[in-house]
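Working notes, beginning with the structure itself.
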Amino acid sequence: MASPSDELQTAIYAALVADAGVGALVGDAIYDGRPPVLPDKCITFGPSDYVPDDMDCITGRQETVQIDCWWASNRRLKPVKTLADAVKAALHRAELPLGTHALAFLEVEAVRVFMDGDGATGHGVVIVTAMVEER
């Protein structure tokens, strides 16, 4: 049986790949972690964490997933803002199927955009929170 975290990431990935707005910006350049050579524009899965959130007769978790948006833009933030907004539009309150477990809700909690440490790459951070019922 797959872990709830694995199923959640797989569902988020599938939603991003299937979204026309995201695809128009980065194609299928969506990675689990940062690749050794970062493409000019892409999305990567960053850290995640969860806290148990059980109710009567239900085992659950509230999981937070960080999705990073990258755009080498010669010191411009506008392109990565557009990408972060597309990720938010694809995921906020999306009803995503999980394999074994059940997704109660998924929301984008925050979006932050800034210039990365190299001074030329725009970096967007999209924070997604999900409530998952473990089965």
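Residues are referred to by chain and number: the chain letter is A, B, ... according to the order shown in the structure tokens, the number counts from 1 in that chain, and ligands are numbered separately from 1 in the order shown.
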Using only C-alpha atoms, which residues sit within 7 Å of Leu98 (chain A) once same-chain residues fewer than 3 positions away are excluded, as an mmCIF file with N, CA, C and O atoms, in the first residue's frame?
```
data_model
loop_
_atom_site.group_PDB
_atom_site.id
_atom_site.type_symbol
_atom_site.label_atom_id
_atom_site.label_comp_id
_atom_site.auth_asym_id
_atom_site.auth_seq_id
_atom_site.Cartn_x
_atom_site.Cartn_y
_atom_site.Cartn_z
ATOM 1 N N GLU A 7 0.780 9.163 -2.289
ATOM 2 C CA GLU A 7 -0.432 9.312 -3.096
ATOM 3 C C GLU A 7 -0.791 10.779 -3.305
ATOM 4 O O GLU A 7 -1.220 11.169 -4.393
ATOM 5 N N LEU A 8 -0.618 11.592 -2.276
ATOM 6 C CA LEU A 8 -0.904 13.018 -2.405
ATOM 7 C C LEU A 8 0.019 13.666 -3.421
ATOM 8 O O LEU A 8 -0.424 14.403 -4.303
ATOM 9 N N ALA A 11 -0.954 12.697 -6.935
ATOM 10 C CA ALA A 11 -2.164 13.389 -7.377
ATOM 11 C C ALA A 11 -1.874 14.849 -7.727
ATOM 12 O O ALA A 11 -2.392 15.370 -8.723
ATOM 13 N N HIS A 101 -6.141 6.076 -0.163
ATOM 14 C CA HIS A 101 -6.560 7.032 0.850
ATOM 15 C C HIS A 101 -7.554 8.018 0.244
ATOM 16 O O HIS A 101 -7.804 7.999 -0.949
ATOM 17 N N ALA A 102 -8.135 8.893 1.076
ATOM 18 C CA ALA A 102 -9.140 9.841 0.595
ATOM 19 C C ALA A 102 -8.722 11.269 0.918
ATOM 20 O O ALA A 102 -8.286 11.565 2.028
ATOM 21 N N LEU A 103 -8.873 12.143 -0.053
ATOM 22 C CA LEU A 103 -8.560 13.555 0.126
ATOM 23 C C LEU A 103 -9.822 14.281 0.583
ATOM 24 O O LEU A 103 -10.829 14.315 -0.135
#
```
I want to know what sits within 10 Å of Ala20 (chain A), based on only C-alpha atoms, with residues of the same chain fewer than 6 positions away left out; could you give that as a PyMOL selection string?
chain A and resi 27+86+90
Output file for the selection above: N, CA, C and O atoms, as a CSV table (one decimal), in the first residue's frame:
```csv
chain,number,residue,atom,x,y,z
A,27,GLY,N,5.6,23.2,-19.7
A,27,GLY,CA,5.5,21.8,-20.4
A,27,GLY,C,5.4,20.8,-19.3
A,27,GLY,O,4.6,20.9,-18.3
A,86,ALA,N,-0.5,30.2,-11.8
A,86,ALA,CA,-1.0,29.1,-12.6
A,86,ALA,C,-1.0,27.8,-11.7
A,86,ALA,O,-2.0,27.0,-11.7
A,90,ALA,N,-4.4,25.8,-10.5
A,90,ALA,CA,-4.6,24.3,-10.8
A,90,ALA,C,-4.9,23.5,-9.5
A,90,ALA,O,-5.5,22.5,-9.6
```
Can you work out which one of A:Val87, A:Val128, A:Leu16, A:Cys42 has the shortest atom-to-atom distance to Trp71 (chain A), counting only C-alpha atoms?
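Of the candidates, the smallest distance to Trp71 (chain A) is held by A:Cys42.
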Which residues are near Ile12 (chain A)? Cut-off 12 Å, only C-alpha atoms, ignore same chain within fewer than 2 positions. Put them as a PDB file with N, CA, C and O atoms, in the first residue's frame.
```pdb
ATOM      1  N   SER A   5       1.303  10.211   1.855  1.00  0.00           N
ATOM      2  CA  SER A   5       2.156  11.275   1.300  1.00  0.00           C
ATOM      3  C   SER A   5       2.500  11.012  -0.156  1.00  0.00           C
ATOM      4  O   SER A   5       2.475  11.927  -0.988  1.00  0.00           O
ATOM      5  N   ASP A   6       2.835   9.752  -0.480  1.00  0.00           N
ATOM      6  CA  ASP A   6       3.148   9.408  -1.866  1.00  0.00           C
ATOM      7  C   ASP A   6       1.939   9.611  -2.767  1.00  0.00           C
ATOM      8  O   ASP A   6       2.058  10.152  -3.873  1.00  0.00           O
ATOM      9  N   GLU A   7       0.780   9.163  -2.289  1.00  0.00           N
ATOM     10  CA  GLU A   7      -0.432   9.312  -3.096  1.00  0.00           C
ATOM     11  C   GLU A   7      -0.791  10.779  -3.305  1.00  0.00           C
ATOM     12  O   GLU A   7      -1.220  11.169  -4.393  1.00  0.00           O
ATOM     13  N   LEU A   8      -0.618  11.592  -2.276  1.00  0.00           N
ATOM     14  CA  LEU A   8      -0.904  13.018  -2.405  1.00  0.00           C
ATOM     15  C   LEU A   8       0.019  13.666  -3.421  1.00  0.00           C
ATOM     16  O   LEU A   8      -0.424  14.403  -4.303  1.00  0.00           O
ATOM     17  N   GLN A   9       1.318  13.383  -3.351  1.00  0.00           N
ATOM     18  CA  GLN A   9       2.256  13.977  -4.310  1.00  0.00           C
ATOM     19  C   GLN A   9       1.949  13.516  -5.725  1.00  0.00           C
ATOM     20  O   GLN A   9       2.006  14.308  -6.667  1.00  0.00           O
ATOM     21  N   THR A  10       1.610  12.247  -5.892  1.00  0.00           N
ATOM     22  CA  THR A  10       1.270  11.732  -7.222  1.00  0.00           C
ATOM     23  C   THR A  10       0.050  12.454  -7.777  1.00  0.00           C
ATOM     24  O   THR A  10       0.017  12.817  -8.959  1.00  0.00           O
ATOM     25  N   ALA A  14      -0.030  14.889 -11.070  1.00  0.00           N
ATOM     26  CA  ALA A  14      -0.949  14.631 -12.176  1.00  0.00           C
ATOM     27  C   ALA A  14      -1.794  15.868 -12.486  1.00  0.00           C
ATOM     28  O   ALA A  14      -2.035  16.192 -13.661  1.00  0.00           O
ATOM     29  N   ALA A  15      -2.248  16.571 -11.453  1.00  0.00           N
ATOM     30  CA  ALA A  15      -3.044  17.778 -11.664  1.00  0.00           C
ATOM     31  C   ALA A  15      -2.233  18.868 -12.352  1.00  0.00           C
ATOM     32  O   ALA A  15      -2.738  19.559 -13.244  1.00  0.00           O
ATOM     33  N   LEU A  16      -0.974  19.013 -11.967  1.00  0.00           N
ATOM     34  CA  LEU A  16      -0.126  20.035 -12.588  1.00  0.00           C
ATOM     35  C   LEU A  16       0.187  19.690 -14.040  1.00  0.00           C
ATOM     36  O   LEU A  16       0.134  20.558 -14.917  1.00  0.00           O
ATOM     37  N   VAL A  17       0.501  18.422 -14.311  1.00  0.00           N
ATOM     38  CA  VAL A  17       0.812  17.998 -15.683  1.00  0.00           C
ATOM     39  C   VAL A  17      -0.412  18.160 -16.585  1.00  0.00           C
ATOM     40  O   VAL A  17      -0.291  18.532 -17.750  1.00  0.00           O
ATOM     41  N   ALA A  18      -1.609  17.893 -16.039  1.00  0.00           N
ATOM     42  CA  ALA A  18      -2.831  17.959 -16.836  1.00  0.00           C
ATOM     43  C   ALA A  18      -3.349  19.380 -17.052  1.00  0.00           C
ATOM     44  O   ALA A  18      -4.177  19.602 -17.940  1.00  0.00           O
ATOM     45  N   ASP A  19      -2.871  20.334 -16.270  1.00  0.00           N
ATOM     46  CA  ASP A  19      -3.389  21.693 -16.347  1.00  0.00           C
ATOM     47  C   ASP A  19      -2.815  22.438 -17.556  1.00  0.00           C
ATOM     48  O   ASP A  19      -1.589  22.545 -17.703  1.00  0.00           O
ATOM     49  N   ILE A  30       8.374  19.148 -14.483  1.00  0.00           N
ATOM     50  CA  ILE A  30       7.945  19.090 -13.085  1.00  0.00           C
ATOM     51  C   ILE A  30       8.707  17.942 -12.446  1.00  0.00           C
ATOM     52  O   ILE A  30       8.635  16.806 -12.916  1.00  0.00           O
ATOM     53  N   TYR A  31       9.464  18.233 -11.380  1.00  0.00           N
ATOM     54  CA  TYR A  31      10.406  17.264 -10.816  1.00  0.00           C
ATOM     55  C   TYR A  31      10.162  17.014  -9.333  1.00  0.00           C
ATOM     56  O   TYR A  31       9.760  17.898  -8.598  1.00  0.00           O
ATOM     57  N   ASP A  32      10.479  15.796  -8.920  1.00  0.00           N
ATOM     58  CA  ASP A  32      10.455  15.416  -7.503  1.00  0.00           C
ATOM     59  C   ASP A  32      11.816  15.805  -6.935  1.00  0.00           C
ATOM     60  O   ASP A  32      12.790  15.078  -7.067  1.00  0.00           O
ATOM     61  N   ILE A  43       9.039  23.376 -12.340  1.00  0.00           N
ATOM     62  CA  ILE A  43       8.410  23.241 -11.031  1.00  0.00           C
ATOM     63  C   ILE A  43       9.084  22.065 -10.334  1.00  0.00           C
ATOM     64  O   ILE A  43       9.354  21.039 -10.960  1.00  0.00           O
ATOM     65  N   THR A  44       9.363  22.221  -9.030  1.00  0.00           N
ATOM     66  CA  THR A  44       9.921  21.119  -8.251  1.00  0.00           C
ATOM     67  C   THR A  44       9.124  20.958  -6.961  1.00  0.00           C
ATOM     68  O   THR A  44       8.577  21.923  -6.429  1.00  0.00           O
ATOM     69  N   PHE A  45       9.074  19.718  -6.483  1.00  0.00           N
ATOM     70  CA  PHE A  45       8.488  19.469  -5.170  1.00  0.00           C
ATOM     71  C   PHE A  45       9.559  19.728  -4.127  1.00  0.00           C
ATOM     72  O   PHE A  45      10.676  19.221  -4.228  1.00  0.00           O
ATOM     73  N   THR A  64       1.286  19.323   4.618  1.00  0.00           N
ATOM     74  CA  THR A  64       1.695  20.537   3.924  1.00  0.00           C
ATOM     75  C   THR A  64       2.786  20.179   2.927  1.00  0.00           C
ATOM     76  O   THR A  64       3.744  19.493   3.272  1.00  0.00           O
ATOM     77  N   VAL A  65       2.614  20.646   1.693  1.00  0.00           N
ATOM     78  CA  VAL A  65       3.560  20.365   0.615  1.00  0.00           C
ATOM     79  C   VAL A  65       4.025  21.699   0.042  1.00  0.00           C
ATOM     80  O   VAL A  65       3.209  22.576  -0.247  1.00  0.00           O
ATOM     81  N   GLN A  66       5.329  21.829  -0.123  1.00  0.00           N
ATOM     82  CA  GLN A  66       5.887  23.025  -0.760  1.00  0.00           C
ATOM     83  C   GLN A  66       6.154  22.707  -2.215  1.00  0.00           C
ATOM     84  O   GLN A  66       6.819  21.721  -2.540  1.00  0.00           O
ATOM     85  N   ILE A  67       5.656  23.570  -3.087  1.00  0.00           N
ATOM     86  CA  ILE A  67       5.904  23.445  -4.520  1.00  0.00           C
ATOM     87  C   ILE A  67       6.698  24.674  -4.944  1.00  0.00           C
ATOM     88  O   ILE A  67       6.269  25.813  -4.717  1.00  0.00           O
ATOM     89  N   VAL A  87       0.009  27.608 -10.884  1.00  0.00           N
ATOM     90  CA  VAL A  87       0.032  26.476  -9.954  1.00  0.00           C
ATOM     91  C   VAL A  87      -1.099  26.618  -8.945  1.00  0.00           C
ATOM     92  O   VAL A  87      -1.829  25.663  -8.665  1.00  0.00           O
ATOM     93  N   LYS A  88      -1.273  27.819  -8.411  1.00  0.00           N
ATOM     94  CA  LYS A  88      -2.363  28.061  -7.459  1.00  0.00           C
ATOM     95  C   LYS A  88      -3.711  27.766  -8.106  1.00  0.00           C
ATOM     96  O   LYS A  88      -4.570  27.104  -7.528  1.00  0.00           O
ATOM     97  N   ALA A  90      -4.408  25.768 -10.523  1.00  0.00           N
ATOM     98  CA  ALA A  90      -4.558  24.336 -10.791  1.00  0.00           C
ATOM     99  C   ALA A  90      -4.865  23.539  -9.536  1.00  0.00           C
ATOM    100  O   ALA A  90      -5.510  22.486  -9.610  1.00  0.00           O
ATOM    101  N   LEU A  91      -4.426  24.021  -8.376  1.00  0.00           N
ATOM    102  CA  LEU A  91      -4.508  23.210  -7.163  1.00  0.00           C
ATOM    103  C   LEU A  91      -5.508  23.688  -6.112  1.00  0.00           C
ATOM    104  O   LEU A  91      -6.029  22.865  -5.348  1.00  0.00           O
ATOM    105  N   HIS A  92      -5.762  24.969  -6.019  1.00  0.00           N
ATOM    106  CA  HIS A  92      -6.584  25.480  -4.909  1.00  0.00           C
ATOM    107  C   HIS A  92      -7.983  24.882  -4.950  1.00  0.00           C
ATOM    108  O   HIS A  92      -8.711  25.031  -5.931  1.00  0.00           O
ATOM    109  N   ARG A  93      -8.328  24.177  -3.878  1.00  0.00           N
ATOM    110  CA  ARG A  93      -9.618  23.508  -3.710  1.00  0.00           C
ATOM    111  C   ARG A  93      -9.889  22.451  -4.769  1.00  0.00           C
ATOM    112  O   ARG A  93     -11.047  22.131  -5.063  1.00  0.00           O
ATOM    113  N   ALA A  94      -8.832  21.907  -5.345  1.00  0.00           N
ATOM    114  CA  ALA A  94      -8.988  20.825  -6.325  1.00  0.00           C
ATOM    115  C   ALA A  94      -9.449  19.551  -5.622  1.00  0.00           C
ATOM    116  O   ALA A  94      -9.050  19.276  -4.492  1.00  0.00           O
ATOM    117  N   GLU A  95     -10.277  18.806  -6.294  1.00  0.00           N
ATOM    118  CA  GLU A  95     -10.728  17.509  -5.797  1.00  0.00           C
ATOM    119  C   GLU A  95      -9.924  16.454  -6.539  1.00  0.00           C
ATOM    120  O   GLU A  95     -10.224  16.121  -7.690  1.00  0.00           O
ATOM    121  N   LEU A  96      -8.888  15.957  -5.882  1.00  0.00           N
ATOM    122  CA  LEU A  96      -7.956  15.036  -6.530  1.00  0.00           C
ATOM    123  C   LEU A  96      -8.184  13.620  -6.025  1.00  0.00           C
ATOM    124  O   LEU A  96      -8.334  13.402  -4.825  1.00  0.00           O
ATOM    125  N   PRO A  97      -8.183  12.658  -6.934  1.00  0.00           N
ATOM    126  CA  PRO A  97      -8.328  11.274  -6.494  1.00  0.00           C
ATOM    127  C   PRO A  97      -7.008  10.737  -5.943  1.00  0.00           C
ATOM    128  O   PRO A  97      -5.938  11.006  -6.485  1.00  0.00           O
ATOM    129  N   LEU A  98      -7.097  10.001  -4.848  1.00  0.00           N
ATOM    130  CA  LEU A  98      -5.952   9.289  -4.305  1.00  0.00           C
ATOM    131  C   LEU A  98      -6.212   7.800  -4.534  1.00  0.00           C
ATOM    132  O   LEU A  98      -7.357   7.386  -4.706  1.00  0.00           O
ATOM    133  N   LEU A 103      -8.873  12.143  -0.053  1.00  0.00           N
ATOM    134  CA  LEU A 103      -8.560  13.555   0.126  1.00  0.00           C
ATOM    135  C   LEU A 103      -9.822  14.281   0.583  1.00  0.00           C
ATOM    136  O   LEU A 103     -10.829  14.315  -0.135  1.00  0.00           O
ATOM    137  N   LEU A 106      -8.042  20.160  -0.217  1.00  0.00           N
ATOM    138  CA  LEU A 106      -6.720  20.627  -0.602  1.00  0.00           C
ATOM    139  C   LEU A 106      -6.841  22.122  -0.873  1.00  0.00           C
ATOM    140  O   LEU A 106      -7.726  22.536  -1.620  1.00  0.00           O
ATOM    141  N   GLU A 107      -6.006  22.915  -0.228  1.00  0.00           N
ATOM    142  CA  GLU A 107      -6.038  24.359  -0.420  1.00  0.00           C
ATOM    143  C   GLU A 107      -4.626  24.919  -0.547  1.00  0.00           C
ATOM    144  O   GLU A 107      -3.709  24.414   0.094  1.00  0.00           O
ATOM    145  N   VAL A 108      -4.502  25.955  -1.346  1.00  0.00           N
ATOM    146  CA  VAL A 108      -3.256  26.713  -1.386  1.00  0.00           C
ATOM    147  C   VAL A 108      -3.323  27.706  -0.239  1.00  0.00           C
ATOM    148  O   VAL A 108      -4.220  28.540  -0.178  1.00  0.00           O
ATOM    149  N   VAL A 128       0.836  24.244  -0.133  1.00  0.00           N
ATOM    150  CA  VAL A 128      -0.425  23.530  -0.279  1.00  0.00           C
ATOM    151  C   VAL A 128      -0.673  22.730   0.995  1.00  0.00           C
ATOM    152  O   VAL A 128       0.230  22.040   1.482  1.00  0.00           O
ATOM    153  N   THR A 129      -1.878  22.808   1.529  1.00  0.00           N
ATOM    154  CA  THR A 129      -2.261  22.029   2.698  1.00  0.00           C
ATOM    155  C   THR A 129      -3.404  21.107   2.318  1.00  0.00           C
ATOM    156  O   THR A 129      -4.346  21.525   1.637  1.00  0.00           O
ATOM    157  N   ALA A 130      -3.291  19.852   2.750  1.00  0.00           N
ATOM    158  CA  ALA A 130      -4.311  18.861   2.441  1.00  0.00           C
ATOM    159  C   ALA A 130      -4.693  18.099   3.691  1.00  0.00           C
ATOM    160  O   ALA A 130      -3.851  17.825   4.550  1.00  0.00           O
TER     161      ALA A 130
END
```
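Relative to CA of Met131 (chain A), CA of Asp68 (chain A) is found at 20.5 Å.
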From chain A, collect each residue whose DSSP state is strand (DSSP E) and return the set as a VMD selection string.
chain A and resid 30 to 32 41 to 52 59 to 72 102 to 115 121 to 134
Measuring between only C-alpha atoms, which one of A:Lys81, A:Arg34, A:Lys41, A:Arg61 shows the shortest distance to Glu133 (chain A)?
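Checking each of A:Lys81, A:Arg34, A:Lys41, A:Arg61 against Glu133 (chain A), counting only C-alpha atoms, the winner is A:Arg61.
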Between CA of Val132 (chain A) and CA of Asp53 (chain A), what is the distance in Å, rounded to a tenth?
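Atom-to-atom, CA of Val132 (chain A) to CA of Asp53 (chain A), that is 8.9 Å.
Of the residues in region 19-79 of chain A, those given helix (DSSP H, G or I) by DSSP on the backbone are Ala20, Gly21, Val22, Gly23, Ala24, Leu25, Val26, Lys78 and Pro79 of chain A.
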Would you export the selected residues with N, CA, C and O atoms as a CSV table (one decimal), in the first residue's frame, please?
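To be explicit, this is the file written out as result25.csv:
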```
chain,number,residue,atom,x,y,z
A,20,ALA,N,-3.7,23.0,-18.4
A,20,ALA,CA,-3.3,23.7,-19.6
A,20,ALA,C,-2.5,24.9,-19.3
A,20,ALA,O,-1.5,25.2,-20.0
A,21,GLY,N,-2.8,25.7,-18.3
A,21,GLY,CA,-2.1,26.9,-17.9
A,21,GLY,C,-0.7,26.6,-17.5
A,21,GLY,O,0.3,27.3,-17.9
A,22,VAL,N,-0.5,25.6,-16.6
A,22,VAL,CA,0.8,25.2,-16.2
A,22,VAL,C,1.6,24.6,-17.4
A,22,VAL,O,2.8,25.0,-17.6
A,23,GLY,N,1.0,23.8,-18.2
A,23,GLY,CA,1.7,23.2,-19.3
A,23,GLY,C,2.2,24.2,-20.3
A,23,GLY,O,3.2,24.1,-20.9
A,24,ALA,N,1.4,25.3,-20.5
A,24,ALA,CA,1.8,26.3,-21.4
A,24,ALA,C,3.0,27.1,-21.0
A,24,ALA,O,3.8,27.6,-21.8
A,25,LEU,N,3.3,27.1,-19.7
A,25,LEU,CA,4.4,27.8,-19.1
A,25,LEU,C,5.7,26.9,-19.0
A,25,LEU,O,6.8,27.4,-19.3
A,26,VAL,N,5.5,25.6,-18.5
A,26,VAL,CA,6.7,24.8,-18.3
A,26,VAL,C,6.6,23.4,-19.0
A,26,VAL,O,7.6,22.6,-18.8
A,78,LYS,N,8.2,38.9,-12.7
A,78,LYS,CA,6.9,38.8,-13.3
A,78,LYS,C,6.6,37.4,-13.9
A,78,LYS,O,5.6,36.8,-13.7
A,79,PRO,N,7.6,36.8,-14.6
A,79,PRO,CA,7.3,35.4,-15.2
A,79,PRO,C,7.1,34.4,-14.1
A,79,PRO,O,6.2,33.5,-14.2
```
Atomic separation - CA of Glu109 (chain A) relative to CA of Pro39 (chain A), Å:
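For CA of Pro39 (chain A) relative to CA of Glu109 (chain A), the distance reads 26.3 Å.
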Taking only C-alpha atoms into account, which of A:Ala89, A:Ala72, A:Ala104, A:Leu83 comes nearest Asp116 (chain A)?
A:Ala72
Min atom-atom distance to Pro52 (chain A) from the set A:Gly99, A:Pro4, A:Gly124, A:Gly33, counting only C-alpha atoms, belongs to A:Pro4
